[in-house]
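Listing of model_10.txt, compact mmCIF, C-alpha atoms and all ligand atoms
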```txt
# COMPACT_ATOMS: atom_id res chain seq x y z
CA MET R 1 0.00 0.00 0.00
CA HIS R 2 1.24 3.51 -0.77
CA PRO R 3 2.68 5.14 2.39
CA ASN R 4 0.33 8.10 2.23
CA ALA R 5 -2.70 5.81 1.86
CA LEU R 6 -1.73 4.00 5.08
CA ILE R 7 -1.40 7.29 6.97
CA GLU R 8 -4.79 8.33 5.62
CA HIS R 9 -6.26 5.09 6.98
CA ALA R 10 -4.56 5.68 10.35
CA THR R 11 -6.07 9.18 10.35
CA GLU R 12 -9.55 7.79 9.69
CA LEU R 13 -9.12 5.12 12.37
CA LEU R 14 -8.11 7.80 14.90
CA HIS R 15 -11.19 9.86 14.04
CA ARG R 16 -13.29 6.85 15.02
CA VAL R 17 -11.33 5.75 18.09
CA LEU R 18 -11.24 9.27 19.54
CA ARG R 19 -15.03 9.51 19.53
CA PHE R 20 -14.89 7.20 22.58
CA ASP R 21 -18.37 5.88 21.91
CA LYS R 22 -17.15 2.25 21.82
CA PRO R 23 -14.16 0.34 23.24
CA ALA R 24 -11.09 1.02 21.08
CA ASP R 25 -10.43 -2.67 20.39
CA ALA R 26 -13.99 -3.03 19.02
CA VAL R 27 -13.53 0.05 16.80
CA VAL R 28 -10.26 -1.38 15.46
CA SER R 29 -11.86 -4.80 14.74
CA ASP R 30 -14.79 -3.15 12.93
CA PHE R 31 -12.36 -1.07 10.86
CA PHE R 32 -10.39 -4.16 9.83
CA ARG R 33 -13.61 -5.98 8.93
CA GLU R 34 -14.46 -3.09 6.58
CA HIS R 35 -10.95 -3.13 5.09
CA ARG R 36 -10.10 -6.69 4.17
CA GLU R 37 -7.28 -5.37 1.97
CA PHE R 38 -4.88 -4.81 4.91
CA GLY R 39 -2.13 -7.38 5.41
CA PRO R 40 -0.92 -8.41 8.90
CA ARG R 41 1.86 -5.80 8.97
CA GLU R 42 -0.48 -2.97 7.97
CA ARG R 43 -2.98 -4.05 10.59
CA ALA R 44 -0.27 -4.06 13.25
CA THR R 45 0.88 -0.55 12.24
CA LEU R 46 -2.67 0.83 12.31
CA ALA R 47 -3.68 -0.78 15.60
CA GLU R 48 -0.46 0.05 17.42
CA THR R 49 -0.50 3.64 16.15
CA ALA R 50 -4.07 4.12 17.41
CA PHE R 51 -3.22 2.59 20.80
CA ASP R 52 -0.09 4.68 21.15
CA VAL R 53 -2.10 7.86 20.54
CA LEU R 54 -4.58 6.74 23.21
CA ARG R 55 -1.70 6.19 25.66
CA GLN R 56 0.03 9.54 24.96
CA ARG R 57 -3.02 11.57 24.02
CA LEU R 58 -2.34 14.73 26.06
CA LEU R 59 1.30 14.90 25.03
CA TYR R 60 0.55 14.38 21.35
CA GLN R 61 -2.31 16.88 21.32
CA HIS R 62 0.06 19.42 22.81
CA LEU R 63 2.81 18.67 20.28
CA ALA R 64 0.33 18.65 17.41
CA GLN R 65 -0.74 22.23 18.10
CA SER R 66 2.37 23.53 16.33
CA GLY R 67 1.75 21.58 13.13
CA SER R 68 -0.72 22.19 10.34
CA GLY R 69 -3.36 20.12 8.55
CA GLU R 70 -5.84 17.72 10.08
CA MET R 71 -5.35 17.12 13.83
CA GLU R 72 -5.89 13.32 13.59
CA ARG R 73 -3.26 13.09 10.84
CA ARG R 74 -0.75 14.90 13.06
CA LEU R 75 -1.60 12.55 15.92
CA ALA R 76 -1.13 9.54 13.63
CA ILE R 77 2.30 10.85 12.59
CA LEU R 78 3.35 11.34 16.23
CA GLY R 79 2.13 7.88 17.28
CA TRP R 80 3.36 6.11 14.14
CA HIS R 81 4.28 2.50 14.90
CA GLY R 82 5.50 1.42 11.51
CA ASN R 83 8.68 1.85 9.56
CA ALA R 84 10.09 5.40 10.07
CA GLY R 85 11.47 5.68 6.52
CA PHE R 86 8.08 4.64 5.17
CA LEU R 87 6.47 7.40 7.23
CA ARG R 88 8.88 10.12 6.09
CA ALA R 89 8.32 9.16 2.46
CA ALA R 90 4.62 9.97 2.90
CA LEU R 91 5.06 13.36 4.58
CA SER R 92 5.08 16.80 3.00
CA ASP R 93 8.18 18.98 3.48
CA ALA R 94 6.30 21.05 6.08
CA GLU R 95 5.26 17.92 8.00
CA ARG R 96 8.83 16.57 7.97
CA ALA R 97 10.18 19.88 9.30
CA TRP R 98 7.51 19.95 12.04
CA LEU R 99 8.24 16.34 13.05
CA ASP R 100 11.96 17.17 13.32
CA ARG R 101 11.23 20.22 15.49
CA VAL R 102 8.94 18.24 17.75
CA GLY R 103 11.53 15.46 18.04
CA GLN R 104 13.97 17.92 19.62
CA ILE R 105 11.69 18.85 22.51
CA ASP R 106 12.95 17.52 25.85
CA ARG R 107 9.87 15.64 27.02
CA ALA R 108 11.16 15.36 30.58
CA SER R 109 10.92 19.15 30.87
CA LEU R 110 7.21 19.26 30.02
CA PRO R 111 4.51 19.74 32.69
CA GLU R 112 3.50 16.64 34.69
CA LYS R 113 0.17 16.29 32.94
CA LEU R 114 1.89 15.88 29.57
CA ARG R 115 4.15 13.22 31.04
CA HIS R 116 1.54 11.08 32.81
CA ASN R 117 -1.18 11.51 30.15
CA LEU R 118 -4.00 10.93 32.61
CA PRO R 119 -7.24 12.82 33.18
CA ASP R 120 -6.94 15.03 36.31
CA TRP R 121 -9.36 12.98 38.42
CA LEU R 122 -7.37 9.76 37.86
CA ALA R 123 -3.98 11.34 38.51
CA GLU R 124 -5.36 12.95 41.67
CA THR R 125 -6.62 9.57 42.90
CA LEU R 126 -3.57 7.47 42.05
CA GLN R 127 -0.75 9.87 42.90
CA PRO R 128 -1.44 9.82 46.67
CA GLN R 129 -2.28 6.10 46.60
CA LEU R 130 0.94 5.10 44.84
CA GLY R 131 3.30 7.73 46.29
CA ASP R 132 6.86 7.17 44.95
CA GLU R 133 5.57 4.37 42.76
CA PHE R 134 3.33 6.65 40.72
CA TRP R 135 5.90 7.38 37.98
CA PRO R 136 7.10 3.75 37.64
CA TRP R 137 3.40 2.83 37.31
CA VAL R 138 2.90 5.53 34.62
CA GLU R 139 5.89 4.21 32.70
CA ARG R 140 4.63 0.62 32.85
CA VAL R 141 1.08 1.40 31.76
CA SER R 142 2.40 3.54 28.88
CA ALA R 143 3.67 0.44 27.06
CA PRO R 144 1.83 -2.63 25.75
CA ALA R 145 1.59 -5.80 27.85
CA PRO R 146 3.39 -9.01 26.93
CA LEU R 147 1.27 -12.00 25.97
CA ASP R 148 0.57 -14.41 28.83
CA LEU R 149 -0.70 -17.94 28.33
CA ARG R 150 -2.30 -20.28 30.83
CA VAL R 151 -1.45 -23.90 30.31
CA ASN R 152 -4.53 -26.09 30.55
CA THR R 153 -2.92 -28.37 33.11
CA TRP R 154 -5.86 -30.68 33.02
CA GLN R 155 -4.63 -31.90 29.63
CA ALA R 156 -1.07 -30.55 29.21
CA ASP R 157 2.20 -29.93 31.03
CA ARG R 158 3.91 -26.49 31.11
CA ASN R 159 7.37 -27.78 30.10
CA ALA R 160 5.96 -29.78 27.21
CA VAL R 161 3.95 -26.78 25.96
CA GLN R 162 7.02 -24.54 26.27
CA ALA R 163 9.02 -27.02 24.16
CA GLU R 164 6.24 -27.24 21.58
CA LEU R 165 6.13 -23.44 21.27
CA ALA R 166 9.93 -23.32 20.96
CA ALA R 167 9.72 -25.84 18.11
CA ALA R 168 7.32 -23.41 16.40
CA GLY R 169 9.91 -20.62 16.83
CA ILE R 170 8.15 -18.95 19.80
CA ASP R 171 10.15 -18.16 22.91
CA ALA R 172 7.85 -18.60 25.92
CA GLN R 173 9.21 -18.28 29.45
CA PRO R 174 7.57 -19.47 32.69
CA THR R 175 5.68 -16.64 34.41
CA PRO R 176 7.34 -15.54 37.67
CA TYR R 177 4.40 -16.26 40.01
CA SER R 178 1.83 -18.50 38.40
CA PRO R 179 3.03 -22.13 38.21
CA ILE R 180 0.83 -22.69 35.13
CA GLY R 181 1.70 -19.60 33.05
CA LEU R 182 4.00 -18.83 30.11
CA ARG R 183 4.98 -15.36 28.88
CA ILE R 184 5.73 -14.38 25.29
CA ASP R 185 7.21 -11.10 24.04
CA GLY R 186 5.49 -9.78 20.94
CA LYS R 187 2.31 -11.05 19.36
CA PRO R 188 2.88 -14.24 17.38
CA ALA R 189 -0.17 -15.71 15.60
CA LEU R 190 -1.10 -18.49 18.01
CA GLN R 191 -4.49 -19.39 16.57
CA LYS R 192 -3.01 -21.54 13.84
CA LEU R 193 -0.84 -23.62 16.17
CA ASP R 194 -1.97 -27.09 17.16
CA VAL R 195 -1.14 -26.40 20.82
CA PHE R 196 -3.78 -23.63 20.75
CA LYS R 197 -6.35 -25.41 18.59
CA ARG R 198 -6.42 -28.45 20.86
CA GLY R 199 -6.93 -26.26 23.96
CA ALA R 200 -3.60 -26.91 25.67
CA VAL R 201 -3.20 -23.14 26.18
CA GLU R 202 -5.44 -20.10 26.50
CA VAL R 203 -4.43 -16.44 26.45
CA GLN R 204 -4.78 -15.17 30.02
CA ASP R 205 -2.93 -12.54 32.04
CA GLU R 206 -0.86 -14.01 34.87
CA GLY R 207 -2.89 -11.91 37.33
CA SER R 208 -6.13 -13.61 36.27
CA GLN R 209 -4.51 -16.99 36.73
CA LEU R 210 -3.54 -16.12 40.32
CA LEU R 211 -6.97 -14.80 41.07
CA VAL R 212 -8.64 -18.06 40.06
CA MET R 213 -6.29 -19.97 42.38
CA LEU R 214 -7.73 -18.02 45.31
CA THR R 215 -11.01 -19.88 44.95
CA GLY R 216 -9.22 -23.12 45.86
CA ALA R 217 -11.76 -24.96 43.65
CA ARG R 218 -11.19 -28.72 43.79
CA ARG R 219 -12.34 -31.95 42.17
CA GLY R 220 -16.01 -32.81 42.48
CA GLU R 221 -17.12 -29.47 43.94
CA MET R 222 -20.03 -27.16 43.08
CA VAL R 223 -18.58 -23.88 41.87
CA VAL R 224 -20.09 -20.65 40.48
CA ASP R 225 -18.36 -18.08 38.29
CA PHE R 226 -20.91 -15.32 38.88
CA CYS R 227 -19.69 -12.79 36.28
CA ALA R 228 -18.24 -15.21 33.77
CA GLY R 229 -18.20 -12.95 30.68
CA ALA R 230 -16.38 -14.70 27.85
CA GLY R 231 -15.18 -17.24 30.38
CA GLY R 232 -11.46 -16.62 30.78
CA LYS R 233 -11.65 -17.49 34.46
CA THR R 234 -14.35 -20.13 33.94
CA LEU R 235 -11.95 -22.17 31.82
CA ALA R 236 -9.23 -21.86 34.43
CA LEU R 237 -11.67 -22.95 37.17
CA GLY R 238 -12.87 -25.93 35.12
CA ALA R 239 -9.29 -27.11 34.60
CA GLN R 240 -8.50 -26.59 38.30
CA MET R 241 -11.48 -28.86 39.07
CA ARG R 242 -9.96 -31.46 36.68
CA ASN R 243 -13.16 -31.45 34.63
CA THR R 244 -15.20 -32.92 37.50
CA GLY R 245 -18.00 -31.54 39.69
CA ARG R 246 -20.26 -28.79 38.38
CA LEU R 247 -19.24 -25.30 37.36
CA TYR R 248 -21.94 -22.70 36.62
CA ALA R 249 -20.94 -19.75 34.44
CA PHE R 250 -23.43 -16.91 34.99
CA ASP R 251 -23.58 -13.61 33.18
CA VAL R 252 -26.23 -11.08 32.19
CA SER R 253 -24.66 -10.77 28.74
CA GLY R 254 -25.66 -13.53 26.33
CA HIS R 255 -23.26 -12.07 23.80
CA ARG R 256 -20.28 -12.53 26.13
CA LEU R 257 -21.36 -16.03 27.19
CA ALA R 258 -21.61 -16.94 23.49
CA ALA R 259 -17.91 -16.14 23.14
CA LEU R 260 -17.24 -18.78 25.83
CA LYS R 261 -18.69 -21.60 23.69
CA PRO R 262 -15.81 -22.07 21.18
CA ARG R 263 -13.24 -21.71 23.94
CA LEU R 264 -15.08 -24.32 25.97
CA ALA R 265 -15.13 -26.69 22.98
CA ARG R 266 -11.36 -26.26 22.52
CA SER R 267 -10.64 -26.83 26.20
CA GLY R 268 -12.35 -30.23 26.25
CA LEU R 269 -14.10 -29.34 29.53
CA SER R 270 -17.53 -30.90 30.07
CA ASN R 271 -18.20 -29.73 33.65
CA VAL R 272 -19.24 -26.16 32.69
CA TYR R 273 -22.89 -24.97 32.59
CA PRO R 274 -23.23 -21.48 31.07
CA VAL R 275 -26.44 -19.70 32.17
CA GLN R 276 -27.59 -16.28 31.04
CA ILE R 277 -29.28 -14.54 33.96
CA ALA R 278 -31.56 -11.49 33.90
CA HIS R 279 -29.93 -9.91 36.99
CA GLU R 280 -28.25 -11.00 40.21
CA ARG R 281 -31.57 -11.94 41.87
CA ASP R 282 -32.67 -14.21 39.01
CA ASP R 283 -34.77 -17.26 40.10
CA ARG R 284 -32.28 -19.68 38.59
CA ILE R 285 -29.73 -18.42 41.08
CA GLN R 286 -32.02 -18.67 44.11
CA ARG R 287 -32.32 -22.44 43.58
CA LEU R 288 -28.62 -22.82 44.33
CA ALA R 289 -28.72 -20.88 47.62
CA GLY R 290 -26.52 -22.42 50.31
CA LYS R 291 -25.31 -25.23 48.02
CA ILE R 292 -22.10 -23.94 46.46
CA ASP R 293 -18.53 -24.66 47.62
CA ARG R 294 -16.80 -21.74 45.87
CA VAL R 295 -18.15 -18.58 44.29
CA LEU R 296 -16.06 -16.20 42.24
CA VAL R 297 -17.35 -12.66 41.66
CA ASP R 298 -15.20 -11.09 38.94
CA ALA R 299 -17.20 -7.89 39.24
CA PRO R 300 -18.00 -5.37 36.52
CA CYS R 301 -15.63 -2.47 37.20
CA SER R 302 -13.80 0.45 35.57
CA GLY R 303 -11.18 -1.93 34.13
CA LEU R 304 -8.45 0.63 34.90
CA GLY R 305 -6.09 -2.18 35.90
CA THR R 306 -5.90 -3.12 32.22
CA LEU R 307 -4.61 0.21 30.84
CA ARG R 308 -1.68 -1.54 29.12
CA ARG R 309 -4.22 -3.30 26.88
CA ASN R 310 -7.12 -0.85 27.02
CA PRO R 311 -5.62 2.65 27.20
CA ASP R 312 -8.92 4.17 26.01
CA LEU R 313 -10.47 3.35 29.41
CA LYS R 314 -8.74 6.28 31.08
CA TRP R 315 -10.64 8.57 28.69
CA ARG R 316 -13.91 6.65 28.76
CA GLN R 317 -14.29 6.29 32.54
CA SER R 318 -15.34 9.05 34.93
CA PRO R 319 -15.67 9.45 38.70
CA GLU R 320 -19.47 9.55 38.23
CA GLY R 321 -19.46 6.28 36.27
CA ILE R 322 -17.35 4.62 38.95
CA ALA R 323 -19.60 5.87 41.76
CA ASP R 324 -22.65 4.62 39.84
CA MET R 325 -21.17 1.13 39.61
CA ARG R 326 -20.63 0.80 43.35
CA PRO R 327 -24.23 -0.23 44.30
CA LYS R 328 -24.15 -2.84 41.48
CA GLN R 329 -20.88 -4.30 42.76
CA ALA R 330 -22.27 -4.50 46.30
CA ALA R 331 -25.57 -6.04 45.10
CA ILE R 332 -23.80 -8.72 43.03
CA LEU R 333 -21.49 -9.59 45.92
CA LYS R 334 -24.43 -9.89 48.33
CA ALA R 335 -26.43 -12.07 45.92
CA ALA R 336 -23.40 -14.26 45.22
CA ALA R 337 -22.77 -14.72 48.95
CA ARG R 338 -26.22 -16.30 49.35
CA LEU R 339 -25.13 -19.21 47.18
CA VAL R 340 -22.21 -20.22 49.38
CA LYS R 341 -22.71 -23.15 51.76
CA PRO R 342 -21.42 -23.07 55.35
CA GLY R 343 -17.63 -23.48 55.24
CA GLY R 344 -17.61 -22.46 51.57
CA ARG R 345 -15.54 -19.68 50.00
CA LEU R 346 -16.36 -16.37 48.30
CA VAL R 347 -13.90 -14.35 46.19
CA TYR R 348 -14.58 -10.73 45.20
CA ALA R 349 -12.26 -9.51 42.44
CA THR R 350 -11.83 -6.55 40.10
CA CYS R 351 -9.32 -5.42 37.50
CA SER R 352 -9.26 -1.95 39.03
CA PRO R 353 -6.64 -0.23 41.18
CA LEU R 354 -9.21 2.13 42.70
CA GLU R 355 -9.99 1.67 46.39
CA ALA R 356 -13.59 2.79 45.75
CA GLU R 357 -14.18 -0.39 43.72
CA ASP R 358 -11.98 -2.62 45.86
CA GLU R 359 -11.25 -2.17 49.57
CA ASP R 360 -14.36 0.00 50.07
CA VAL R 361 -16.68 -2.67 48.62
CA ALA R 362 -14.90 -5.46 50.54
CA ARG R 363 -15.08 -3.51 53.81
CA GLU R 364 -18.78 -2.77 53.36
CA PHE R 365 -19.46 -6.47 52.71
CA ALA R 366 -17.47 -7.57 55.77
CA GLU R 367 -19.30 -5.10 58.01
CA SER R 368 -22.72 -6.32 56.92
CA HIS R 369 -21.74 -10.04 57.00
CA PRO R 370 -20.32 -10.72 60.48
CA ASN R 371 -20.65 -14.49 60.02
CA TRP R 372 -17.95 -14.50 57.33
CA ALA R 373 -14.22 -14.74 58.08
CA ALA R 374 -11.70 -12.97 55.85
CA LEU R 375 -9.05 -15.40 54.60
CA PRO R 376 -5.52 -14.02 54.24
CA VAL R 377 -4.65 -14.17 50.56
CA SER R 378 -0.92 -14.87 51.01
CA SER R 379 -1.55 -18.26 52.67
CA LEU R 380 -4.07 -19.19 49.95
CA LEU R 381 -1.50 -18.37 47.27
CA GLU R 382 1.21 -20.33 49.09
CA ALA R 383 -1.12 -23.33 49.25
CA ALA R 384 -1.48 -23.00 45.45
CA HIS R 385 2.36 -23.12 45.06
CA VAL R 386 2.60 -19.48 43.96
CA ALA R 387 6.15 -18.12 44.30
CA ALA R 388 6.81 -15.06 46.53
CA ALA R 389 3.15 -15.00 47.58
CA GLN R 390 3.71 -12.45 50.35
CA THR R 391 4.85 -9.84 47.75
CA LEU R 392 1.48 -10.00 45.97
CA VAL R 393 -0.70 -8.79 48.80
CA ALA R 394 -1.70 -5.64 50.66
CA GLY R 395 -2.82 -6.73 54.13
CA GLU R 396 -5.34 -9.52 53.74
CA TYR R 397 -6.11 -8.66 50.09
CA LEU R 398 -4.54 -9.54 46.73
CA ARG R 399 -3.14 -6.37 45.12
CA LEU R 400 -1.35 -6.79 41.81
CA TRP R 401 0.31 -3.91 39.94
CA PRO R 402 1.77 -3.79 36.42
CA HIS R 403 4.96 -1.99 37.56
CA ARG R 404 5.59 -4.29 40.51
CA HIS R 405 4.42 -7.66 39.26
CA GLY R 406 4.25 -7.35 35.46
CA THR R 407 0.55 -8.32 35.57
CA ASP R 408 -2.58 -6.29 35.01
CA GLY R 409 -3.79 -4.44 38.10
CA PHE R 410 -6.01 -6.79 40.10
CA PHE R 411 -7.65 -6.77 43.50
CA ALA R 412 -9.24 -9.65 45.38
CA ALA R 413 -10.75 -10.26 48.80
CA VAL R 414 -11.62 -13.74 50.06
CA TRP R 415 -14.03 -14.89 52.78
CA GLN R 416 -15.17 -18.15 54.27
CA LYS R 417 -18.76 -18.56 55.41
CA GLY R 418 -19.22 -19.49 59.04
CA GLY R 419 -20.88 -22.82 59.92
C1 LIG R 501 -14.92 -8.21 34.60
S1 LIG R 501 -16.11 -8.85 33.54
C2 LIG R 501 -15.88 -10.59 33.69
C3 LIG R 501 -14.69 -11.14 32.94
C4 LIG R 501 -14.63 -12.66 32.97
N1 LIG R 501 -14.76 -13.20 34.30
C5 LIG R 501 -13.33 -13.18 32.36
O1 LIG R 501 -12.47 -13.68 33.08
O2 LIG R 501 -13.18 -13.09 31.13
C6 LIG R 501 -17.59 -8.57 34.41
C7 LIG R 501 -18.81 -9.27 33.85
O3 LIG R 501 -19.91 -9.03 34.73
C8 LIG R 501 -21.07 -9.13 33.96
N2 LIG R 501 -22.19 -8.59 34.76
C9 LIG R 501 -22.64 -7.33 34.86
N3 LIG R 501 -23.69 -7.26 35.71
C10 LIG R 501 -23.92 -8.52 36.15
C11 LIG R 501 -24.87 -9.11 37.04
N4 LIG R 501 -25.80 -8.37 37.64
N5 LIG R 501 -24.80 -10.43 37.27
C12 LIG R 501 -23.85 -11.19 36.65
N6 LIG R 501 -22.93 -10.69 35.80
C13 LIG R 501 -22.96 -9.37 35.55
C14 LIG R 501 -20.72 -8.36 32.69
O4 LIG R 501 -21.57 -8.73 31.61
C15 LIG R 501 -19.26 -8.79 32.48
O5 LIG R 501 -19.18 -9.86 31.57
```
Represent the structure of the file as structure tokens.
Ligand SMILES: C[S@@+](CC[C@H](N)C(=O)[O-])C[C@H]1O[C@@H](n2cnc3c(N)ncnc32)[C@H](O)[C@@H]1O
Amino acid sequence: MHPNALIEHATELLHRVLRFDKPADAVVSDFFREHREFGPRERATLAETAFDVLRQRLLYQHLAQSGSGEMERRLAILGWHGNAGFLRAALSDAERAWLDRVGQIDRASLPEKLRHNLPDWLAETLQPQLGDEFWPWVERVSAPAPLDLRVNTWQADRNAVQAELAAAGIDAQPTPYSPIGLRIDGKPALQKLDVFKRGAVEVQDEGSQLLVMLTGARRGEMVVDFCAGAGGKTLALGAQMRNTGRLYAFDVSGHRLAALKPRLARSGLSNVYPVQIAHERDDRIQRLAGKIDRVLVDAPCSGLGTLRRNPDLKWRQSPEGIADMRPKQAAILKAAARLVKPGGRLVYATCSPLEAEDEDVAREFAESHPNWAALPVSSLLEAAHVAAAQTLVAGEYLRLWPHRHGTDGFFAAVWQKGG
């Protein structure tokens, strides 16, 4: 494709992504569906350019002020993630001169806001919470995440899968904490590999893998994944249960549960029962009250722990949206707790670093449920053979950070129901 045509496409894609009316990854997929003519390299350039602009939006908008022409084109030039020579060949003389001038600016000397690229409300929340770790966190969430895989240990062994990937030319290293994870740099096409097609691996962040281990789900048990979505954690739970017992995957979104079906087929699991529910008080849930050994609530949340993958979230979330979600999170947790049998376990988790969605919800639950005992997460992780478990916690909770642990930002609280 002619260099200028590719920049024009990047400009159009940015117009769409920066409307913020849909998640950026959905906008990018729709765009590629409309443009079947792009090859894999062009797709990578377009997607990575759009995501880079989302990550560095305030900085690039500031730098773009001095240029001329369409704003989105200037942003695409600043965020360009393809070949630099290819880019220059497509630029006008004026654009090349502007890009050279902008390249000489010492970015470290710019105001804080242009260095952290966060909306004020988010910076004001996280700066005091993270203290000295704020800037290392900013740096880590300003770059893409590596690709983590979970080995389906019910049917495969991590060393064997690692060797199989190596034979396919893919360097995968064991994840530092999860005993069933592998980490890959870059984005190789896994879908065509036999190891993927036969369900020996699934793409899953190491943090999600650790979170599932907190349920302690075992063979033959009754387990509920209350907010199963497309089933990333459901599949991990089913494998942990060695394909025995009964695992219900609830969600209000039929569309998301539908995405679980092909993954379930690949995994070979036959102990999973997906159920679309109308809301958390649905009759089909009431029937299971007091009967379940382990319940996982992977609650709907701001998703701000996944900024490495979803940088648009910092622009699409708001303090009002987060406050509005709080009663829903509490209601789901309360409804899920009713399912747990005496002695059973409840896990509340989010992929958010915000205390309002995490500790505050957990504390409110604990205060209104005196018959439940909080279980210290570090001992649960140690029991699951997780390395350096005590470095993954804050008090009795799980608290994972991209800059500390190389995972997405996760929170979890765990309780056991009294007898
Ligand atoms: C964080 S996502 C779950 C991700 C999923 N567990 C995974 O590992 O891929 C939260 C899910 O909660 C679902 N949800 C929202 N309200 C719900 C409710 N009242 N009851 C059950 N699920 C709900 C959403 O549809 C969404 O799929």
Determine, for each residue of segment 25-51 of chain R having at least one atom at most 10 Å from an atom of segment 293-315 of chain R, the closest pair of atoms and their separation in Å to one decimal, counting all atoms listed in the file; order by chain and ascending number, as a tab-separated table.
```
residue	atom	partner	partner_atom	distance
R:Asp25	CA	R:Asn310	CA	7.6
R:Ala50	CA	R:Asp312	CA	9.9
R:Phe51	CA	R:Pro311	CA	6.8
```
Around all listed atoms of ligand LIG 501 (chain R), padded 4 Å per side, what centre and edge lengths does the axis-aligned box have in Å to one decimal, as JSON?
```
{"center_x": -19.1, "center_y": -10.5, "center_z": 34.4, "size_x": 21.3, "size_y": 14.4, "size_z": 14.5}
```
Problem - Residue neighbourhood Val212 of chain R, 9 Å, only C-alpha atoms, exclusion window fewer than 4 positions, as a VMD selection string - result: chain R and resid 207 to 208 216 to 217 233 to 234 236 to 237 240 296 347
Exercise for the section: Please provide the set of residues having any atom within 12 Å of segment 5-9 of chain R, restricted to all atoms listed in the file, with same-chain residues fewer than 3 positions apart removed, written as JSON, numbers by chain. Expected result: {"R": [1, 2, 12, 13, 14, 15, 16, 28, 31, 32, 34, 35, 37, 38, 39, 41, 42, 43, 44, 45, 46, 47, 49, 50, 70, 72, 73, 74, 75, 76, 77, 78, 79, 80, 81, 82, 83, 86, 87, 88, 89, 90, 91]}
Could you name the residues that touch Glu133 of chain R at 9 Å or less, counting only C-alpha atoms, but leaving out those on the same chain fewer than 4 positions away, as a CSV table (one decimal) with C-alpha atoms, in the frame of the given file?
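Saved result, selection.csv, follows:
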```csv
chain,number,residue,atom,x,y,z
R,127,GLN,CA,-0.8,9.9,42.9
R,129,GLN,CA,-2.3,6.1,46.6
R,137,TRP,CA,3.4,2.8,37.3
R,138,VAL,CA,2.9,5.5,34.6
R,403,HIS,CA,5.0,-2.0,37.6
R,404,ARG,CA,5.6,-4.3,40.5
```
Closest atom pairs, residues of chain R within 6 Å of ligand LIG 501 (chain R), all atoms listed in the file, as a tab-separated table:
```
residue	atom	partner	partner_atom	distance
R:Phe226	CA	R:LIG501	C12	5.5
R:Cys227	CA	R:LIG501	N6	3.9
R:Ala228	CA	R:LIG501	N1	4.1
R:Gly229	CA	R:LIG501	O5	3.4
R:Ala230	CA	R:LIG501	O2	4.9
R:Gly231	CA	R:LIG501	O2	4.7
R:Gly232	CA	R:LIG501	O1	3.9
R:Lys233	CA	R:LIG501	O1	4.1
R:Phe250	CA	R:LIG501	C12	6.0
R:Asp251	CA	R:LIG501	N6	4.0
R:Val252	CA	R:LIG501	N6	4.9
R:Ser253	CA	R:LIG501	O4	4.7
R:His279	CA	R:LIG501	N4	4.5
R:Glu280	CA	R:LIG501	N4	4.4
R:Asp298	CA	R:LIG501	N1	5.1
R:Ala299	CA	R:LIG501	C6	4.9
R:Pro300	CA	R:LIG501	C6	3.9
R:Ile332	CA	R:LIG501	N4	5.8
```
Exercise for the section: Using atom CA of Thr215 of chain R and atom CA of Val414 of chain R as the two end points, give the distance in Å to one decimal. Expected result: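 Between atom CA of Thr215 of chain R and atom CA of Val414 of chain R the gap works out to 8.0 Å.
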Practice task
Choose the residue, out of R:Lys197, R:Arg345, R:Arg281, R:Arg115, that has the smallest atom-to-atom separation from Lys328 of chain R; count only C-alpha atoms.
Solution key: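 That would be R:Arg281, the residue with the smallest distance to Lys328 of chain R.
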Would you mind writing segment 225-233 of chain R with N, CA and C atoms, as a short mmCIF file (atom, residue, chain, number, x, y, z; two decimals), in the coordinates of the input?
```
data_model
loop_
_atom_site.label_atom_id
_atom_site.label_comp_id
_atom_site.auth_asym_id
_atom_site.auth_seq_id
_atom_site.Cartn_x
_atom_site.Cartn_y
_atom_site.Cartn_z
N ASP R 225 -19.07 -19.26 38.79
CA ASP R 225 -18.36 -18.08 38.29
C ASP R 225 -19.46 -17.07 37.98
N PHE R 226 -19.68 -16.13 38.92
CA PHE R 226 -20.91 -15.32 38.88
C PHE R 226 -20.93 -14.32 37.71
N CYS R 227 -19.77 -13.77 37.37
CA CYS R 227 -19.69 -12.79 36.28
C CYS R 227 -18.72 -13.37 35.26
N ALA R 228 -19.17 -14.39 34.56
CA ALA R 228 -18.24 -15.21 33.77
C ALA R 228 -17.78 -14.54 32.49
N GLY R 229 -18.58 -13.61 31.93
CA GLY R 229 -18.20 -12.95 30.68
C GLY R 229 -17.88 -13.97 29.61
N ALA R 230 -16.77 -13.76 28.91
CA ALA R 230 -16.38 -14.70 27.85
C ALA R 230 -15.63 -15.90 28.43
N GLY R 231 -15.59 -16.00 29.75
CA GLY R 231 -15.18 -17.24 30.38
C GLY R 231 -13.70 -17.48 30.59
N GLY R 232 -12.90 -16.42 30.54
CA GLY R 232 -11.46 -16.62 30.78
C GLY R 232 -11.22 -17.34 32.10
N LYS R 233 -11.88 -16.88 33.15
CA LYS R 233 -11.65 -17.49 34.46
C LYS R 233 -12.44 -18.79 34.61
#
```
